[in-house]
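Novice: Structure file run01.tsv, TSV, C-alpha atoms and all ligand atoms, is pasted below:
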```tsv
chain	number	residue	atom	x	y	z
A	118	MET	CA	50.52	35.13	-47.68
A	119	SER	CA	51.96	34.92	-44.23
A	120	ILE	CA	50.91	33.68	-40.84
A	121	ASN	CA	50.28	35.80	-37.78
A	122	THR	CA	53.54	34.97	-35.95
A	123	GLU	CA	53.03	37.18	-32.91
A	124	THR	CA	49.52	35.85	-32.30
A	125	TYR	CA	50.77	32.28	-32.77
A	126	LEU	CA	53.52	32.69	-30.17
A	127	LYS	CA	51.20	34.40	-27.71
A	128	ILE	CA	48.46	31.77	-28.01
A	129	LYS	CA	51.01	28.95	-27.89
A	130	LYS	CA	52.48	30.27	-24.64
A	131	TYR	CA	49.02	30.65	-23.08
A	132	LEU	CA	48.11	27.10	-24.10
A	133	ILE	CA	51.33	25.63	-22.70
A	134	ASP	CA	50.52	27.31	-19.37
A	135	GLN	CA	47.03	25.82	-19.50
A	136	ARG	CA	48.36	22.38	-20.61
A	137	VAL	CA	46.14	22.46	-23.68
A	138	GLU	CA	47.28	21.15	-27.07
A	139	LEU	CA	47.00	23.46	-30.08
A	140	ILE	CA	45.74	22.10	-33.37
A	141	ALA	CA	46.42	24.70	-36.04
A	142	VAL	CA	43.53	24.49	-38.49
A	143	SER	CA	45.10	25.03	-41.89
A	144	LYS	CA	42.14	24.33	-44.20
A	145	THR	CA	42.19	26.41	-47.41
A	146	LYS	CA	45.68	27.73	-46.49
A	147	PRO	CA	48.74	26.98	-48.66
A	148	VAL	CA	51.57	24.64	-47.73
A	149	ASP	CA	53.95	27.63	-47.42
A	150	ALA	CA	51.91	29.02	-44.53
A	151	ILE	CA	51.85	25.61	-42.82
A	152	LEU	CA	55.61	25.28	-43.24
A	153	GLU	CA	56.10	28.72	-41.73
A	154	MET	CA	54.22	27.62	-38.63
A	155	TYR	CA	56.03	24.27	-38.63
A	156	ASN	CA	59.29	26.21	-38.48
A	157	LEU	CA	58.05	27.93	-35.31
A	158	GLY	CA	57.68	24.47	-33.78
A	159	GLN	CA	54.03	23.66	-34.52
A	160	ARG	CA	53.44	19.95	-35.25
A	161	HIS	CA	49.67	19.38	-34.94
A	162	PHE	CA	47.60	20.55	-37.91
A	163	GLY	CA	43.91	20.05	-38.66
A	164	GLU	CA	42.09	19.83	-41.98
A	165	ASN	CA	38.43	19.23	-42.79
A	166	ARG	CA	38.65	17.93	-46.37
A	167	VAL	CA	40.30	14.58	-47.08
A	168	GLN	CA	41.71	15.39	-50.51
A	169	GLU	CA	43.29	18.60	-49.25
A	170	LEU	CA	44.69	16.84	-46.18
A	171	VAL	CA	46.27	14.06	-48.25
A	172	GLU	CA	47.80	16.47	-50.79
A	173	LYS	CA	49.33	18.61	-48.04
A	174	ALA	CA	50.59	15.59	-46.09
A	175	GLU	CA	52.44	14.41	-49.20
A	176	LYS	CA	54.22	17.74	-49.62
A	177	LEU	CA	55.04	18.54	-46.00
A	178	PRO	CA	57.44	17.07	-43.38
A	179	LYS	CA	56.55	13.58	-42.24
A	180	ASP	CA	56.61	14.36	-38.52
A	181	ILE	CA	53.48	16.53	-38.79
A	182	LYS	CA	50.58	15.06	-36.84
A	183	TRP	CA	47.44	15.40	-38.97
A	184	HIS	CA	43.99	15.76	-37.42
A	185	ALA	CA	40.78	15.15	-39.38
A	186	ILE	CA	38.29	17.62	-37.91
A	187	GLY	CA	35.43	17.97	-40.41
A	188	HIS	CA	32.51	15.76	-41.38
A	189	LEU	CA	34.09	12.65	-42.87
A	190	GLN	CA	32.52	10.61	-45.69
A	191	ARG	CA	32.88	6.87	-45.31
A	192	ASN	CA	34.30	6.38	-48.81
A	193	LYS	CA	37.17	8.77	-48.00
A	194	VAL	CA	38.41	7.02	-44.85
A	195	LYS	CA	40.76	4.74	-46.79
A	196	TYR	CA	42.89	7.68	-47.97
A	197	ILE	CA	43.79	8.85	-44.45
A	198	ALA	CA	43.73	5.55	-42.55
A	199	PRO	CA	47.45	4.80	-43.08
A	200	PHE	CA	48.68	7.95	-41.35
A	201	ILE	CA	46.00	10.06	-39.62
A	202	HIS	CA	46.94	11.01	-36.04
A	203	LEU	CA	43.43	11.60	-34.66
A	204	ILE	CA	39.93	11.70	-36.19
A	205	HIS	CA	37.83	14.22	-34.22
A	206	SER	CA	34.62	13.98	-36.17
A	207	VAL	CA	33.15	10.52	-35.67
A	208	ASP	CA	29.44	11.29	-35.92
A	209	SER	CA	27.93	7.91	-36.76
A	210	VAL	CA	28.39	4.24	-35.96
A	211	LYS	CA	28.62	3.43	-39.67
A	212	LEU	CA	31.58	5.78	-39.98
A	213	LEU	CA	33.32	4.18	-37.02
A	214	ILE	CA	32.80	0.70	-38.52
A	215	GLU	CA	34.48	1.92	-41.70
A	216	ILE	CA	37.40	3.47	-39.77
A	217	ASN	CA	37.86	0.20	-37.88
A	218	LYS	CA	37.92	-1.74	-41.18
A	219	GLU	CA	40.43	0.54	-42.88
A	220	ALA	CA	42.60	0.72	-39.76
A	221	SER	CA	42.76	-3.06	-39.77
A	222	LYS	CA	43.90	-3.06	-43.42
A	223	SER	CA	46.65	-0.61	-42.45
A	224	ASN	CA	47.58	-2.69	-39.43
A	225	ARG	CA	46.85	0.22	-37.12
A	226	VAL	CA	44.75	1.23	-34.17
A	227	ILE	CA	43.36	4.64	-35.12
A	228	PRO	CA	42.64	7.11	-32.31
A	229	VAL	CA	39.24	8.79	-32.62
A	230	LEU	CA	36.95	11.18	-30.78
A	231	LEU	CA	33.16	10.94	-30.81
A	232	GLN	CA	31.62	14.19	-32.02
A	233	ILE	CA	28.70	15.27	-29.85
A	234	HIS	CA	25.95	17.60	-31.04
A	235	ILE	CA	25.94	20.41	-28.48
A	236	ALA	CA	24.97	23.47	-30.55
A	237	LYS	CA	21.52	24.93	-31.05
A	238	GLU	CA	21.95	24.85	-34.85
A	239	ASP	CA	20.78	21.70	-36.67
A	240	SER	CA	23.54	22.14	-39.20
A	241	LYS	CA	26.28	20.83	-36.94
A	242	PHE	CA	26.96	17.12	-37.02
A	243	GLY	CA	27.24	14.91	-34.00
A	244	LEU	CA	25.82	12.19	-31.81
A	245	SER	CA	23.40	12.69	-28.95
A	246	LYS	CA	24.11	11.49	-25.41
A	247	ILE	CA	21.69	8.57	-25.87
A	248	GLU	CA	23.36	7.51	-29.12
A	249	VAL	CA	26.78	7.51	-27.47
A	250	ILE	CA	25.58	5.38	-24.57
A	251	ASP	CA	23.73	2.91	-26.83
A	252	PHE	CA	26.82	2.56	-28.97
A	253	LEU	CA	29.24	2.02	-26.07
A	254	GLU	CA	26.97	-0.71	-24.76
A	255	SER	CA	26.64	-2.44	-28.13
A	256	ASN	CA	28.39	-5.62	-29.28
A	257	VAL	CA	29.40	-3.85	-32.46
A	258	TYR	CA	31.63	-1.61	-30.39
A	259	LYS	CA	32.99	-4.40	-28.20
A	260	ARG	CA	34.20	-6.23	-31.32
A	261	MET	CA	36.13	-3.26	-32.72
A	262	GLU	CA	39.84	-3.88	-32.35
A	263	ASN	CA	41.34	-1.23	-34.58
A	264	ILE	CA	39.98	1.98	-33.12
A	265	GLU	CA	40.69	3.64	-29.79
A	266	ILE	CA	38.12	6.14	-28.51
A	267	GLN	CA	40.24	8.79	-26.79
A	268	GLY	CA	37.51	11.27	-25.93
A	269	LEU	CA	34.82	13.61	-27.18
A	270	MET	CA	34.61	16.61	-29.51
A	271	GLY	CA	32.01	19.33	-29.92
A	272	MET	CA	31.29	22.64	-31.61
A	273	ALA	CA	29.33	25.32	-29.77
A	274	THR	CA	26.64	27.52	-31.28
A	275	PHE	CA	28.07	30.35	-33.41
A	276	THR	CA	27.00	33.27	-31.23
A	277	ASN	CA	28.42	36.18	-29.22
A	278	ASN	CA	26.33	35.06	-26.28
A	279	THR	CA	29.03	33.67	-23.98
A	280	GLU	CA	26.46	32.20	-21.61
A	281	ILE	CA	25.08	29.90	-24.29
A	282	VAL	CA	28.57	28.84	-25.41
A	283	THR	CA	29.72	28.23	-21.82
A	284	GLU	CA	26.62	26.15	-21.10
A	285	GLU	CA	27.23	23.97	-24.17
A	286	PHE	CA	30.89	23.38	-23.30
A	287	ALA	CA	29.96	22.62	-19.68
A	288	PHE	CA	27.44	20.03	-20.91
A	289	LEU	CA	30.12	18.38	-23.06
A	290	LYS	CA	32.59	18.29	-20.16
A	291	GLN	CA	29.95	16.70	-17.94
A	292	LEU	CA	29.19	14.05	-20.56
A	293	PHE	CA	32.93	13.42	-20.96
A	294	GLU	CA	33.35	12.78	-17.21
A	295	PHE	CA	30.28	10.54	-17.14
A	296	VAL	CA	31.47	8.43	-20.10
A	297	LYS	CA	35.00	8.23	-18.73
A	298	GLN	CA	33.80	6.93	-15.39
A	299	ASP	CA	31.03	4.60	-16.56
A	300	TYR	CA	32.51	3.16	-19.77
A	301	PHE	CA	36.29	3.55	-19.56
A	302	ASN	CA	36.86	2.84	-15.85
A	303	ASP	CA	38.81	6.08	-15.67
A	304	ASP	CA	41.17	4.48	-18.23
A	305	SER	CA	43.89	7.05	-18.93
A	306	SER	CA	43.62	6.62	-22.71
A	307	PHE	CA	40.17	8.27	-22.62
A	308	ASN	CA	41.47	11.74	-21.86
A	309	GLN	CA	40.83	14.16	-24.72
A	310	LEU	CA	38.17	16.82	-24.91
A	311	SER	CA	38.36	18.69	-28.22
A	312	MET	CA	36.48	21.96	-27.90
A	313	GLY	CA	37.23	25.59	-28.72
A	314	MET	CA	37.97	27.49	-31.94
A	315	SER	CA	39.22	31.02	-32.74
A	316	GLY	CA	36.16	32.71	-31.26
A	317	ASP	CA	35.58	30.62	-28.16
A	318	TYR	CA	38.76	28.77	-27.17
A	319	GLU	CA	39.19	30.66	-23.88
A	320	LEU	CA	35.64	29.77	-22.82
A	321	ALA	CA	36.30	26.15	-23.83
A	322	ILE	CA	39.49	25.97	-21.76
A	323	LYS	CA	37.67	27.32	-18.72
A	324	GLN	CA	35.28	24.39	-19.11
A	325	GLY	CA	38.04	21.79	-19.34
A	326	SER	CA	39.10	21.50	-22.98
A	327	THR	CA	42.35	19.60	-23.66
A	328	LEU	CA	42.59	20.25	-27.42
A	329	VAL	CA	41.68	23.48	-29.20
A	330	ARG	CA	41.24	23.77	-32.95
A	331	ILE	CA	42.24	27.27	-34.03
A	332	GLY	CA	42.31	28.45	-37.64
A	333	SER	CA	41.52	32.01	-38.63
A	334	LEU	CA	43.16	33.62	-35.61
A	335	LEU	CA	46.52	32.11	-36.66
A	336	PHE	CA	46.31	32.00	-40.45
A	337	GLY	CA	44.07	34.99	-41.13
A	338	LYS	CA	40.47	34.80	-42.24
A	339	ARG	CA	39.47	32.35	-44.94
A	401	LIG	C1	37.34	25.43	-39.46
A	401	LIG	C2	37.21	24.66	-38.22
A	401	LIG	C3	37.83	25.08	-37.03
A	401	LIG	C4	38.63	26.37	-36.91
A	401	LIG	O1	37.80	27.47	-37.02
A	401	LIG	P1	38.34	28.96	-36.74
A	401	LIG	O2	37.12	29.71	-36.36
A	401	LIG	O3	38.94	29.43	-38.02
A	401	LIG	O4	39.32	28.88	-35.65
A	401	LIG	C5	37.69	24.27	-35.91
A	401	LIG	N1	36.98	23.13	-35.94
A	401	LIG	C6	36.39	22.69	-37.05
A	401	LIG	C7	35.63	21.41	-37.01
A	401	LIG	C8	36.46	23.44	-38.24
A	401	LIG	O5	35.85	22.98	-39.34
```
What does this structure look like when you write it as structure tokens?

Specialist:
Amino acid sequence: MSINTETYLKIKKYLIDQRVELIAVSKTKPVDAILEMYNLGQRHFGENRVQELVEKAEKLPKDIKWHAIGHLQRNKVKYIAPFIHLIHSVDSVKLLIEINKEASKSNRVIPVLLQIHIAKEDSKFGLSKIEVIDFLESNVYKRMENIEIQGLMGMATFTNNTEIVTEEFAFLKQLFEFVKQDYFNDDSSFNQLSMGMSGDYELAIKQGSTLVRIGSLLFGKR
């Protein structure tokens, strides 16, 4: 079991040039593989299951920045609240209320992204544009002191049709700019757009992504 070192270094260099942060998605991969990439300098890793994330975090160096990227159940938030670097997958107001509560218990402000449903498939989680706007205008949101919304996240349709994927990323970028201007007064803390995976990260970057979540290209297929 070994990582794809050459691909890692090549992608990393490209992303530095583009000023895009790489989140290495290590789900289902062993701690040895993560450590190998850590030793090449990688610090941001993403996982989609809480139990797996917590177990790996316990075994690996403490300066790793852990990203929660998959659908998150409310009853699992408490396990990651003390240390999670960024939660990408906030797809309901109830979940955000829970994150705010657990963040408060941990005496933290937890950075989060709102996940937007941009794909054609129903299976992907996420909020609609209307839901995001309603939420940002609500008193529930105004009272939340322990979360910081740093941007938006989305997953494009799983297709080889680059036109569809490009259109979906462009829509997300447009929504991001709209929300930034109308609800964050161009506040510099609202500045992350998490889009792009192994198959579509170059298209995502062309549309303005700031964070890409790449797994299989770096670690081999799952
Ligand atoms: C698994 C996963 C990724 C990485 O997918 P690859 O195609 O392996 O790069 C990115 N984002 C999320 C939300 C995932 O669950």

Novice: With all atoms listed in the file as the basis for distance, which of A:Val137, A:Thr279, A:Asp180, A:Val210 is at the shortest distance from A:Leu310?

Specialist: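 Checking each candidate against A:Leu310, we get A:Val137 as the closest.
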
Novice: Could you list the protein, DNA and RNA residues that have any atom within 10 Å of ligand LIG 401 (chain A), counting all atoms listed in the file, and write them as a PyMOL selection string?

Specialist: chain A and resi 140-145+163-166+185-188+205-206+232+241-242+270-272+275+311-318+329-339

Novice: Could you tell me which of A:Phe295, A:Tyr155, A:Tyr196, A:Phe252 comes closest to A:Lys179 if we count only C-alpha atoms?

Specialist: A:Tyr155

Novice: Rank nothing, just name the residue among A:Phe293, A:Phe307, A:Tyr131, A:Tyr258 nearest to A:Ile214, using all atoms listed in the file.

Specialist: A:Tyr258

Novice: Could you tell me how far atom CA of A:Ser305 lies from atom CA of A:Ile266, in Å and to one decimal?

Specialist: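 Computing the Euclidean distance for atom CA of A:Ser305 and atom CA of A:Ile266 yields 11.2 Å.
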
Novice: Pick the closest to A:Ile197 from A:Lys237, A:Val171, A:Gln267, A:Glu215: which is it, counting all atoms listed in the file?

Specialist: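 When distances to A:Ile197 are compared using all atoms listed in the file, the smallest one comes from A:Val171.
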
Novice: Have a look at A:Met154, A:Ala287, A:Leu126, A:Ile204 and name the one nearest to A:Asn217; count only C-alpha atoms.

Specialist: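 Smallest separation from A:Asn217 among the options: A:Ile204.
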
Novice: Between atom CA of A:Lys297 and atom CA of A:Val229, measure the distance and give it in Å to one decimal.

Specialist: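 We find that atom CA of A:Lys297 and atom CA of A:Val229 lie 14.5 Å from each other.
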
Novice: What is the atom CA of A:Glu319-atom CA of A:Leu289 distance in Å, reported with one decimal?

Specialist: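 Calculated distance between atom CA of A:Glu319 and atom CA of A:Leu289 is 15.3 Å.
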
Novice: Considering only C-alpha atoms, can you say which of A:Gly243, A:Pro199, A:Gly158, A:Pro147 comes closest to A:Glu172?

Specialist: A:Pro147

Novice: Could you please give me, as a list in words, the residues of protein, DNA or RNA lying at most 6 Å from (50.4, 21.8, -48.7) in the coordinate frame of the file, considering only C-alpha atoms?

Specialist: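 Those residues lying close to the given coordinates are Pro147, Val148, Lys173 and Lys176 of chain A.
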
Novice: Find the spatial neighbours of stretch 290-292 of chain A, counting only C-alpha atoms, within a cut-off of 8 Å - ignore same-chain residues fewer than 4 positions away - and output them as a compact mmCIF listing (two decimals) with C-alpha atoms, in the coordinates of the input.

Specialist:
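Output below, filename out24.txt:
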```txt
# COMPACT_ATOMS: atom_id res chain seq x y z
CA LYS A 246 24.11 11.49 -25.41
CA PHE A 286 30.89 23.38 -23.30
CA VAL A 296 31.47 8.43 -20.10
CA LEU A 310 38.17 16.82 -24.91
CA GLN A 324 35.28 24.39 -19.11
CA GLY A 325 38.04 21.79 -19.34
CA SER A 326 39.10 21.50 -22.98
```
